[in-house]
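The data block below is structure.pdb; it holds PDB, C-alpha atoms.
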```pdb
ATOM      1  CA  MET A   1       0.000   0.000   0.000
ATOM      2  CA  ILE A   2       2.854   2.363   0.805
ATOM      3  CA  ILE A   3       4.478   1.815  -2.575
ATOM      4  CA  GLU A   4       1.166   2.192  -4.410
ATOM      5  CA  CYS A   5       0.431   5.471  -2.625
ATOM      6  CA  CYS A   6       3.935   6.679  -3.410
ATOM      7  CA  SER A   7       3.568   5.724  -7.067
ATOM      8  CA  GLN A   8       0.355   7.710  -7.470
ATOM      9  CA  GLU A   9       1.745  11.024  -6.260
ATOM     10  CA  ARG A  10       2.429  13.711  -8.840
ATOM     11  CA  THR A  11       6.088  13.822  -7.774
ATOM     12  CA  TYR A  12       8.122  11.616  -5.467
ATOM     13  CA  GLU A  13       7.486  12.363  -1.806
ATOM     14  CA  LYS A  14      10.400  11.447   0.453
ATOM     15  CA  PHE A  15       7.822  10.898   3.200
ATOM     16  CA  PHE A  16       6.971   7.480   1.732
ATOM     17  CA  GLY A  17      10.613   6.481   1.547
ATOM     18  CA  LEU A  18      11.100   7.455   5.188
ATOM     19  CA  ILE A  19       8.070   5.407   6.252
ATOM     20  CA  GLY A  20       9.316   2.375   4.331
ATOM     21  CA  GLU A  21      12.821   2.822   5.729
ATOM     22  CA  ARG A  22      11.534   3.012   9.300
ATOM     23  CA  LEU A  23       9.322  -0.055   8.919
ATOM     24  CA  ALA A  24      12.110  -2.085   7.309
ATOM     25  CA  LYS A  25      14.580  -1.158  10.028
ATOM     26  CA  ILE A  26      12.100  -1.928  12.827
ATOM     27  CA  ASN A  27      11.306  -5.452  11.650
ATOM     28  CA  SER A  28      13.051  -7.639   9.082
ATOM     29  CA  ILE A  29       9.670  -8.959   7.916
ATOM     30  CA  TRP A  30       9.035  -5.534   6.381
ATOM     31  CA  ALA A  31      12.457  -5.516   4.764
ATOM     32  CA  LYS A  32      11.818  -8.931   3.185
ATOM     33  CA  SER A  33       8.391  -7.755   2.006
ATOM     34  CA  PHE A  34       9.886  -4.664   0.360
ATOM     35  CA  GLU A  35      12.549  -6.839  -1.273
ATOM     36  CA  GLN A  36       9.826  -9.079  -2.713
ATOM     37  CA  CYS A  37       8.003  -5.962  -3.896
ATOM     38  CA  PHE A  38      11.157  -4.778  -5.645
ATOM     39  CA  VAL A  39      11.256  -8.014  -7.626
ATOM     40  CA  GLN A  40       7.547  -7.819  -8.479
ATOM     41  CA  TYR A  41       7.724  -4.181  -9.546
ATOM     42  CA  TYR A  42      10.844  -4.726 -11.641
ATOM     43  CA  GLU A  43       9.268  -7.681 -13.435
ATOM     44  CA  THR A  44       6.100  -5.695 -14.220
ATOM     45  CA  ILE A  45       7.589  -2.219 -14.627
ATOM     46  CA  HIS A  46       6.655  -2.126 -18.318
ATOM     47  CA  ARG A  47       3.004  -1.762 -17.259
ATOM     48  CA  TYR A  48       3.523   1.586 -15.528
ATOM     49  CA  GLU A  49       3.487   5.047 -17.015
ATOM     50  CA  THR A  50       6.628   7.129 -16.605
ATOM     51  CA  ASN A  51       5.515   9.102 -13.541
ATOM     52  CA  ARG A  52       4.624   5.988 -11.521
ATOM     53  CA  LEU A  53       7.788   4.284 -12.703
ATOM     54  CA  ARG A  54       9.857   7.290 -11.540
ATOM     55  CA  ASN A  55       8.263   7.394  -8.089
ATOM     56  CA  VAL A  56       8.643   3.654  -7.514
ATOM     57  CA  SER A  57      12.265   3.752  -8.630
ATOM     58  CA  LYS A  58      13.070   6.661  -6.322
ATOM     59  CA  TYR A  59      11.303   4.896  -3.466
ATOM     60  CA  PHE A  60      13.449   1.791  -3.849
ATOM     61  CA  GLY A  61      16.524   3.973  -4.357
ATOM     62  CA  HIS A  62      15.834   5.530  -0.965
ATOM     63  CA  LEU A  63      15.425   2.126   0.696
ATOM     64  CA  LEU A  64      18.660   0.838  -0.845
ATOM     65  CA  ALA A  65      20.677   3.963  -0.064
ATOM     66  CA  SER A  66      19.568   3.849   3.564
ATOM     67  CA  ASP A  67      20.323   0.099   3.780
ATOM     68  CA  ALA A  68      16.716  -0.586   4.729
ATOM     69  CA  ILE A  69      16.616  -3.439   2.209
ATOM     70  CA  SER A  70      19.361  -5.754   1.016
ATOM     71  CA  TRP A  71      21.260  -5.033  -2.161
ATOM     72  CA  GLU A  72      20.584  -8.665  -3.074
ATOM     73  CA  VAL A  73      17.559  -7.351  -4.991
ATOM     74  CA  PHE A  74      19.922  -6.353  -7.806
ATOM     75  CA  SER A  75      20.297 -10.027  -8.664
ATOM     76  CA  VAL A  76      16.930  -9.820 -10.464
ATOM     77  CA  ILE A  77      18.267  -7.245 -12.960
ATOM     78  CA  LYS A  78      20.000  -8.486 -16.086
ATOM     79  CA  LEU A  79      21.196  -5.445 -17.998
ATOM     80  CA  THR A  80      21.411  -6.614 -21.593
ATOM     81  CA  GLU A  81      19.742  -5.397 -24.739
ATOM     82  CA  ASP A  82      17.624  -8.549 -24.962
ATOM     83  CA  ASP A  83      16.612  -8.757 -21.291
ATOM     84  CA  THR A  84      15.531  -5.153 -20.737
ATOM     85  CA  THR A  85      12.763  -2.936 -22.012
ATOM     86  CA  SER A  86      12.791   0.829 -22.283
ATOM     87  CA  SER A  87      10.774   0.944 -19.049
ATOM     88  CA  SER A  88      13.205  -1.258 -17.146
ATOM     89  CA  ARG A  89      16.125   0.837 -18.423
ATOM     90  CA  ILE A  90      14.414   3.999 -17.202
ATOM     91  CA  PHE A  91      13.742   2.308 -13.852
ATOM     92  CA  VAL A  92      17.414   1.359 -13.454
ATOM     93  CA  LYS A  93      18.521   4.825 -14.593
ATOM     94  CA  ILE A  94      16.393   6.608 -12.004
ATOM     95  CA  LEU A  95      17.354   4.080  -9.336
ATOM     96  CA  PHE A  96      21.061   4.678  -9.924
ATOM     97  CA  GLU A  97      20.586   8.441 -10.127
ATOM     98  CA  GLU A  98      18.936   8.280  -6.709
ATOM     99  CA  LEU A  99      21.712   6.063  -5.323
ATOM    100  CA  SER A 100      24.513   8.219  -6.718
ATOM    101  CA  GLY A 101      22.791  11.393  -5.529
ATOM    102  CA  THR A 102      22.367  10.044  -2.012
ATOM    103  CA  LEU A 103      25.551   8.031  -1.544
ATOM    104  CA  GLY A 104      27.865   9.820  -3.950
ATOM    105  CA  ILE A 105      29.826   8.138  -6.731
ATOM    106  CA  PRO A 106      32.817   6.997  -4.608
ATOM    107  CA  LYS A 107      30.648   5.282  -1.986
ATOM    108  CA  LEU A 108      28.351   3.755  -4.645
ATOM    109  CA  LYS A 109      31.371   2.480  -6.552
ATOM    110  CA  MET A 110      32.805   1.017  -3.346
ATOM    111  CA  ARG A 111      29.495  -0.729  -2.632
ATOM    112  CA  LEU A 112      29.259  -2.167  -6.157
ATOM    113  CA  ASN A 113      32.841  -3.474  -5.914
ATOM    114  CA  ASP A 114      32.343  -5.054  -2.481
ATOM    115  CA  GLU A 115      33.592  -8.644  -2.744
ATOM    116  CA  THR A 116      30.836  -9.961  -0.466
ATOM    117  CA  MET A 117      28.098  -8.603  -2.737
ATOM    118  CA  ILE A 118      29.641  -8.857  -6.196
ATOM    119  CA  GLU A 119      27.515 -11.884  -7.091
ATOM    120  CA  PHE A 120      24.344  -9.771  -6.842
ATOM    121  CA  PHE A 121      25.648  -7.312  -9.446
ATOM    122  CA  GLN A 122      26.590  -9.852 -12.124
ATOM    123  CA  GLY A 123      23.444  -9.011 -14.082
ATOM    124  CA  LEU A 124      24.159  -5.284 -13.935
ATOM    125  CA  PHE A 125      27.741  -5.740 -15.083
ATOM    126  CA  PRO A 126      27.634  -8.876 -17.286
ATOM    127  CA  LYS A 127      30.857 -10.543 -18.333
ATOM    128  CA  ASP A 128      29.333 -13.327 -20.429
ATOM    129  CA  ASN A 129      29.973 -11.962 -23.921
ATOM    130  CA  PRO A 130      31.379  -8.809 -25.568
ATOM    131  CA  ARG A 131      27.990  -7.618 -26.814
ATOM    132  CA  ASN A 132      26.483  -7.582 -23.303
ATOM    133  CA  ILE A 133      29.612  -6.044 -21.799
ATOM    134  CA  ARG A 134      29.563  -3.216 -24.330
ATOM    135  CA  PHE A 135      25.833  -2.687 -23.795
ATOM    136  CA  ALA A 136      26.308  -2.292 -20.020
ATOM    137  CA  ILE A 137      29.269   0.064 -20.499
ATOM    138  CA  ASN A 138      27.347   2.180 -23.022
ATOM    139  CA  TYR A 139      24.240   2.181 -20.834
ATOM    140  CA  PHE A 140      25.988   3.445 -17.707
ATOM    141  CA  THR A 141      28.015   5.936 -19.754
ATOM    142  CA  SER A 142      24.850   7.298 -21.381
ATOM    143  CA  ILE A 143      23.227   7.931 -17.981
ATOM    144  CA  GLY A 144      26.336   9.736 -16.729
ATOM    145  CA  LEU A 145      27.680   6.926 -14.549
ATOM    146  CA  GLY A 146      30.443   5.584 -16.776
ATOM    147  CA  GLN A 147      32.802   5.606 -13.771
ATOM    148  CA  LEU A 148      30.962   2.556 -12.461
ATOM    149  CA  THR A 149      32.073   0.513 -15.476
ATOM    150  CA  GLU A 150      35.841   0.817 -15.068
ATOM    151  CA  GLY A 151      36.048  -2.852 -14.059
ATOM    152  CA  LEU A 152      34.089  -3.908 -17.140
ATOM    153  CA  ARG A 153      36.304  -1.797 -19.389
ATOM    154  CA  GLU A 154      39.411  -3.434 -17.966
ATOM    155  CA  TYR A 155      37.837  -6.876 -18.316
ATOM    156  CA  LEU A 156      36.987  -6.153 -21.962
ATOM    157  CA  ALA A 157      40.514  -4.924 -22.701
ATOM    158  CA  VAL A 158      42.203  -7.879 -20.970
ATOM    159  CA  ARG A 159      40.056 -10.390 -22.839
ATOM    160  CA  ASN A 160      40.839  -8.661 -26.155
ATOM    161  CA  PHE A 161      37.169  -8.350 -27.008
ATOM    162  CA  MET A 162      37.750  -4.875 -28.400
TER     163      MET A 162
END
```
Starting from the file, lay out its structure as structure tokens.
Amino acid sequence: MIIECCSQERTYEKFFGLIGERLAKINSIWAKSFEQCFVQYYETIHRYETNRLRNVSKYFGHLLASDAISWEVFSVIKLTEDDTTSSSRIFVKILFEELSGTLGIPKLKMRLNDETMIEFFQGLFPKDNPRNIRFAINYFTSIGLGQLTEGLREYLAVRNFM
């Protein structure tokens, strides 16, 4: 209900993010519920108009930035040309804009390179084939977060996929 109310506002209201954060930090049942909601919303994001998509993305960005929910939710995202839609790309863009705005690029980069969580980001930064690697690099560069792909660029150069 919280996410639905948030999604129907004209613009994102931080109030909803703060409520969700508080609930998730009070009881892990809420955190798990919000994590399940993340998966459900990401899988059906193509059904939402841009305004609702933006609000939902910012809401989850707030929960992730405040560590109210686990970053394991990123394991559901596979950032390739074939596995994403324009809606899911917009969702990820707004989510990462929110994260970088809240955490800052250095802290976000540190979090994404954390060895204990790297397995959850394999879909965001695929290393399966050159086409998917280039797509992820170009995607993050186009949204102004190319710094996050330095590891992928090195991987591509070392493997001589260029």
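Residue nearest Ser86 of chain A, chosen from A:Leu112, A:Ile45, A:Leu99, A:Leu63 and counting all atoms listed in the file: A:Ile45.
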Hey, what's within 12 Å of Ile94 of chain A if we count all atoms listed in the file and toss same-chain stuff fewer than 3 positions away? As a compact mmCIF listing (two decimals) with C-alpha atoms, keeping the file's coordinate frame, please?
```
# COMPACT_ATOMS: atom_id res chain seq x y z
CA TYR A 12 8.12 11.62 -5.47
CA THR A 50 6.63 7.13 -16.60
CA ASN A 51 5.52 9.10 -13.54
CA ARG A 52 4.62 5.99 -11.52
CA LEU A 53 7.79 4.28 -12.70
CA ARG A 54 9.86 7.29 -11.54
CA ASN A 55 8.26 7.39 -8.09
CA VAL A 56 8.64 3.65 -7.51
CA SER A 57 12.26 3.75 -8.63
CA LYS A 58 13.07 6.66 -6.32
CA TYR A 59 11.30 4.90 -3.47
CA PHE A 60 13.45 1.79 -3.85
CA GLY A 61 16.52 3.97 -4.36
CA HIS A 62 15.83 5.53 -0.96
CA SER A 87 10.77 0.94 -19.05
CA SER A 88 13.20 -1.26 -17.15
CA ARG A 89 16.12 0.84 -18.42
CA ILE A 90 14.41 4.00 -17.20
CA PHE A 91 13.74 2.31 -13.85
CA GLU A 97 20.59 8.44 -10.13
CA GLU A 98 18.94 8.28 -6.71
CA LEU A 99 21.71 6.06 -5.32
CA SER A 100 24.51 8.22 -6.72
CA GLY A 101 22.79 11.39 -5.53
CA PHE A 140 25.99 3.44 -17.71
CA ILE A 143 23.23 7.93 -17.98
CA GLY A 144 26.34 9.74 -16.73
CA LEU A 145 27.68 6.93 -14.55
```
- [ ] Given the file shown, enumerate the residues that the PyMOL selection byres ((chain A and resi 31) around 12) captures and present them as a VMD selection string.
- [x] chain A and resid 19 to 30 32 to 38 60 63 to 64 66 to 73
Task: Non-local contacts of Gly151 of chain A (10 Å; only C-alpha atoms; under 3 positions in same chain excluded) as a ChimeraX atom specification - done: /A:113,125,137,147-148,154-157
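Against the coordinates shown, the PyMOL selection byres ((chain A and resi 78) around 10) returns A:Phe74, A:Ser75, A:Val76, A:Ile77, A:Leu79, A:Thr80, A:Glu81, A:Asp82, A:Asp83, A:Thr84, A:Ser88, A:Phe121, A:Gln122, A:Gly123, A:Leu124, A:Phe125, A:Pro126, A:Asn132, A:Ala136.
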Those residues you just picked out, can you put them in a file as a JSON list (two decimals), in the coordinates of the input with C-alpha atoms?
```json
[["chain", "number", "residue", "atom", "x", "y", "z"],
["A", 74, "PHE", "CA", 19.92, -6.35, -7.81],
["A", 75, "SER", "CA", 20.30, -10.03, -8.66],
["A", 76, "VAL", "CA", 16.93, -9.82, -10.46],
["A", 77, "ILE", "CA", 18.27, -7.24, -12.96],
["A", 79, "LEU", "CA", 21.20, -5.44, -18.00],
["A", 80, "THR", "CA", 21.41, -6.61, -21.59],
["A", 81, "GLU", "CA", 19.74, -5.40, -24.74],
["A", 82, "ASP", "CA", 17.62, -8.55, -24.96],
["A", 83, "ASP", "CA", 16.61, -8.76, -21.29],
["A", 84, "THR", "CA", 15.53, -5.15, -20.74],
["A", 88, "SER", "CA", 13.20, -1.26, -17.15],
["A", 121, "PHE", "CA", 25.65, -7.31, -9.45],
["A", 122, "GLN", "CA", 26.59, -9.85, -12.12],
["A", 123, "GLY", "CA", 23.44, -9.01, -14.08],
["A", 124, "LEU", "CA", 24.16, -5.28, -13.94],
["A", 125, "PHE", "CA", 27.74, -5.74, -15.08],
["A", 126, "PRO", "CA", 27.63, -8.88, -17.29],
["A", 132, "ASN", "CA", 26.48, -7.58, -23.30],
["A", 136, "ALA", "CA", 26.31, -2.29, -20.02]]
```
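Going from atom CA of Arg134 of chain A over to atom CA of Val92 of chain A, you cover 16.9 Å.
The space separating atom CA of Arg47 of chain A from atom CA of Phe16 of chain A comes to 21.5 Å.
The coordinates place atom CA of Arg153 of chain A at 10.4 Å from atom CA of Lys127 of chain A.
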Would you mind writing segment 16-42 of chain A with N, CA, C and O atoms, as a compact mmCIF listing (two decimals), in the coordinates of the input?
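Contents of part-v3.txt, as written:
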```txt
# COMPACT_ATOMS: atom_id res chain seq x y z
N PHE A 16 7.24 8.91 1.92
CA PHE A 16 6.97 7.48 1.73
C PHE A 16 8.25 6.65 1.90
O PHE A 16 8.23 5.57 2.49
N GLY A 17 9.35 7.16 1.38
CA GLY A 17 10.61 6.48 1.55
C GLY A 17 11.02 6.38 3.01
O GLY A 17 11.52 5.36 3.47
N LEU A 18 10.77 7.45 3.76
CA LEU A 18 11.10 7.46 5.19
C LEU A 18 10.23 6.47 5.97
O LEU A 18 10.72 5.80 6.88
N ILE A 19 8.96 6.38 5.60
CA ILE A 19 8.07 5.41 6.25
C ILE A 19 8.56 3.98 5.97
O ILE A 19 8.67 3.16 6.88
N GLY A 20 8.83 3.70 4.70
CA GLY A 20 9.32 2.38 4.33
C GLY A 20 10.63 2.05 5.01
O GLY A 20 10.82 0.93 5.50
N GLU A 21 11.53 3.03 5.07
CA GLU A 21 12.82 2.82 5.73
C GLU A 21 12.62 2.49 7.20
O GLU A 21 13.22 1.54 7.72
N ARG A 22 11.77 3.23 7.87
CA ARG A 22 11.53 3.01 9.30
C ARG A 22 10.94 1.63 9.56
O ARG A 22 11.36 0.91 10.46
N LEU A 23 9.95 1.27 8.75
CA LEU A 23 9.32 -0.06 8.92
C LEU A 23 10.33 -1.18 8.69
O LEU A 23 10.38 -2.15 9.45
N ALA A 24 11.14 -1.04 7.64
CA ALA A 24 12.11 -2.08 7.31
C ALA A 24 13.19 -2.21 8.38
O ALA A 24 13.68 -3.31 8.64
N LYS A 25 13.55 -1.11 8.99
CA LYS A 25 14.58 -1.16 10.03
C LYS A 25 14.03 -1.62 11.38
O LYS A 25 14.78 -2.11 12.21
N ILE A 26 12.73 -1.47 11.59
CA ILE A 26 12.10 -1.93 12.83
C ILE A 26 11.99 -3.45 12.84
O ILE A 26 12.25 -4.09 13.84
N ASN A 27 11.56 -4.02 11.70
CA ASN A 27 11.31 -5.45 11.65
C ASN A 27 11.74 -6.00 10.29
O ASN A 27 11.35 -5.49 9.25
N SER A 28 12.52 -7.07 10.32
CA SER A 28 13.05 -7.64 9.08
C SER A 28 11.95 -8.20 8.18
O SER A 28 12.17 -8.39 6.98
N ILE A 29 10.79 -8.48 8.74
CA ILE A 29 9.67 -8.96 7.92
C ILE A 29 9.30 -7.89 6.88
O ILE A 29 9.02 -8.21 5.72
N TRP A 30 9.32 -6.63 7.31
CA TRP A 30 9.04 -5.53 6.38
C TRP A 30 10.11 -5.44 5.31
O TRP A 30 9.81 -5.25 4.13
N ALA A 31 11.36 -5.59 5.73
CA ALA A 31 12.46 -5.52 4.76
C ALA A 31 12.30 -6.60 3.70
O ALA A 31 12.43 -6.34 2.50
N LYS A 32 12.01 -7.82 4.13
CA LYS A 32 11.82 -8.93 3.18
C LYS A 32 10.63 -8.66 2.27
O LYS A 32 10.67 -8.96 1.07
N SER A 33 9.57 -8.09 2.83
CA SER A 33 8.39 -7.76 2.01
C SER A 33 8.73 -6.71 0.95
O SER A 33 8.32 -6.83 -0.21
N PHE A 34 9.49 -5.69 1.33
CA PHE A 34 9.89 -4.66 0.36
C PHE A 34 10.82 -5.24 -0.70
O PHE A 34 10.76 -4.85 -1.87
N GLU A 35 11.67 -6.19 -0.30
CA GLU A 35 12.55 -6.84 -1.27
C GLU A 35 11.74 -7.65 -2.28
O GLU A 35 12.02 -7.63 -3.48
N GLN A 36 10.71 -8.34 -1.81
CA GLN A 36 9.83 -9.08 -2.71
C GLN A 36 9.08 -8.11 -3.63
O GLN A 36 8.89 -8.39 -4.82
N CYS A 37 8.68 -6.98 -3.08
CA CYS A 37 8.00 -5.96 -3.90
C CYS A 37 8.92 -5.42 -4.98
O CYS A 37 8.48 -5.16 -6.11
N PHE A 38 10.19 -5.24 -4.64
CA PHE A 38 11.16 -4.78 -5.64
C PHE A 38 11.15 -5.72 -6.84
O PHE A 38 11.08 -5.28 -7.99
N VAL A 39 11.23 -7.01 -6.56
CA VAL A 39 11.26 -8.01 -7.63
C VAL A 39 9.97 -7.93 -8.44
O VAL A 39 10.01 -7.91 -9.68
N GLN A 40 8.84 -7.87 -7.78
CA GLN A 40 7.55 -7.82 -8.48
C GLN A 40 7.42 -6.57 -9.33
O GLN A 40 6.99 -6.63 -10.48
N TYR A 41 7.82 -5.42 -8.78
CA TYR A 41 7.72 -4.18 -9.55
C TYR A 41 8.68 -4.19 -10.72
O TYR A 41 8.32 -3.75 -11.82
N TYR A 42 9.90 -4.70 -10.53
CA TYR A 42 10.84 -4.73 -11.64
C TYR A 42 10.33 -5.62 -12.77
O TYR A 42 10.45 -5.28 -13.94
```
